[in-house]
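Note sheet for the following structure.
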Amino acid sequence: MKQSIDLSNQIKDIILSNGFNSVGISEADKLDDSTFLKKWISSDFHADMAYMEDVEKRSDVRMINPKFKSVISCTLNYSSIDSKKLSIKAKRKGKGWISKYALGDDYHKVINKKLKQIQLRIEELYREKINVKVYVDTGPILERAYASKSGLGWIGKNSCLINKENGSWSFLSNILIDQELVYDKPTLKNLCGSCTRCINACPTGAIVDDKVIDARKCISYLTIENKKYIKKDLASKIRNNIFGCDICQEVCPWNKESNITELNEFRPRAEFVEPDVQNLLTLIEEDWDRVKIKSPLKRVKKDGLVRNILIVMGNLANKEYLSTLEKYLNSDNIIHAMTAKDSIERIRESKVS
Ligand code: B12
Ligand code: SF4
Ligand code: SF4
């Protein structure tokens, strides 16, 4: 037991010394949350993210490898701008919004690199060869549920993992290991209380129940994962969100005083902070090969971003955008042409939410 305590503490020290904000350890067994995931899938809330359907694997890491005994969950703060900067304020100034998590370098690469270094150091702690696997949104793991189980926070009504000290602006990642460690106590206290700010603020009504998101309505899904045409009604509710959506976290009282990350890689690129949508469109059309380097924005591809900016132009209801939108009416890209037509109508009618 003593050895296990020492090793658990040494592993935690390694992780924290690599810049992570918190770390917790839980036993690798079946998560109670599998019932919620099952229900979520059967309600079609996962839209066309078919990879989510492997419920058994996502709720029990031993399905990845039966040898795994411990799940080490880590959080890393990504908030890189003043917490007073909000998407809603940017909209009032006629500006667009790119989610805070996407302002710097792609977190998958940044965190994976850190985790690989940590993996080497953990392996060095053991005399015999051990099995270690690292994940940051890169495998079938219910990351929020494991993080909560290892005491790193509670799952809020907006379904995000919230920590008393750091709020919810943090990425989650996991290290699976075939060694028994000392397990932390789960976070049992949910500090949302009677608050419903996130539910009330969601422009599309995507938070359909406590902790339940209908991805088909979620702006984050619509602007990142979905590459299709977005119908006019739904598009008009996307507000000024060009990539992802921060609204249900911006309104959360636990994020009021969030710390700014010290990580260089997450430093915001000036062109993405409260962007002028016309300038951003020009940048993406003319300089995409440079813009996409290391950026999470490349997930939606150039065509997806252009579609999103055309939607936002319509939502900002600025008549100055009409001439730009008219140029897209004859675009070979049918989604751009349809989106531009809708946005022109919206600006002319000025019916925006
Ligand atoms: C698919 C996915 C999405 C989808 C679906 C979101 C969703 N809420 O399910 C979309 C594209 C919409 C999305 C959006 C975002 N995502 Co996302 N996403 C994921 C991914 C890949 C899987 C999530 C998942 O399994 N969803 C299925 C649902 C059922 O599971 P869950 O969200 O974990 O919810 C659990 C609880 O709510 C609980 N539960 C459900 N119902 C009930 C009811 C009761 C009574 C109880 C007790 C519990 C309970 O059970 C669920 C399973 O454990 C994870 C990475 C990962 N591998 O986990 C990242 C992840 C969740 N996303 C993340 C982020 C940052 C975002 C965005 C903030 C990005 C943005 N700014 O646009 C938004 C936030 C939107 C939101 N409010 O959730 C982070 C969250 C970090 C955090 N602190 O919570 C993760 C963990 C990625 C990472 N590695 O950091 N995402
Ligand atoms: S990310 Fe935006 S659209 Fe999705 S649930 Fe939160 S507020 Fe609603
Ligand atoms: S806004 Fe309120 S209800 Fe929503 S997650 Fe934050 S504390 Fe919980």
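Ordering of the structure tokens sets the chain letters (A, B, ...), residue numbers begin anew at 1 in every chain, and ligands are numbered from 1 in the order given.
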- Message: As a quick test: using only C-alpha atoms and all ligand atoms, which residues lie no more than 7 Å away from ligand 1? Give them as a ChimeraX atom specification.
- Response: /A:33-34,36-37,40,46,52,99-101,136-145,155,158-162,168-173,210-213,215,218,220-221,225,244-246,248
- Task: Select the residues contacting ligand 2 at a distance of at most 12 Å, based on only C-alpha atoms and all ligand atoms, then format the selection as an MDAnalysis selection string.
- Result: chainID A and resid 45 87:88 97:101 156:160 196:224 234:235 237:252
- Expressed in Å to a single decimal, how great is the separation between atom CA of Arg58 of chain A and atom CA of Ser43 of chain A?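 Rounded to one decimal, the two atoms are 17.2 Å apart.
Distances from A:Asp184, A:Asp178, A:Asp54, A:Glu345 to Gly24 of chain A were compared using only C-alpha atoms, and the smallest one belongs to A:Asp184.
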- Task: Please provide the set of residues having any atom within 7 Å of segment 264-276 of chain A, restricted to only C-alpha atoms, with same-chain residues fewer than 4 positions apart removed, written as a PyMOL selection string.
- Result: chain A and resi 78+80+90+95-98+103-105+280
May I have the residues from that selection written out with C-alpha atoms, as a PDB file, in the first residue's frame?
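Now in part.pdb:
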ATOM      1  CA  TYR A  78      -7.342  27.101 -21.687  1.00  0.00           C
ATOM      2  CA  SER A  80      -6.527  32.912 -22.649  1.00  0.00           C
ATOM      3  CA  ALA A  90     -18.772  41.253 -29.099  1.00  0.00           C
ATOM      4  CA  LYS A  95     -18.059  41.489 -34.110  1.00  0.00           C
ATOM      5  CA  GLY A  96     -17.897  37.734 -34.522  1.00  0.00           C
ATOM      6  CA  TRP A  97     -16.802  35.145 -31.938  1.00  0.00           C
ATOM      7  CA  ILE A  98     -14.467  32.184 -32.017  1.00  0.00           C
ATOM      8  CA  LEU A 103      -7.960  30.870 -30.144  1.00  0.00           C
ATOM      9  CA  GLY A 104      -4.493  29.310 -29.942  1.00  0.00           C
ATOM     10  CA  ASP A 105      -2.937  26.040 -31.113  1.00  0.00           C
ATOM     11  CA  LEU A 280     -11.818  37.247 -41.271  1.00  0.00           C
TER      12      LEU A 280
END
- Message: I'd like the neighbourhood of segment 122-130 of chain A as an NGL selection string, where a residue qualifies if any of its atoms comes within 12 Å (using only C-alpha atoms), though same-chain residues fewer than 2 positions away should be ignored.
- Response: :A and (3-4 or 6-15 or 67-69 or 72 or 115-120 or 132-134 or 175-180)
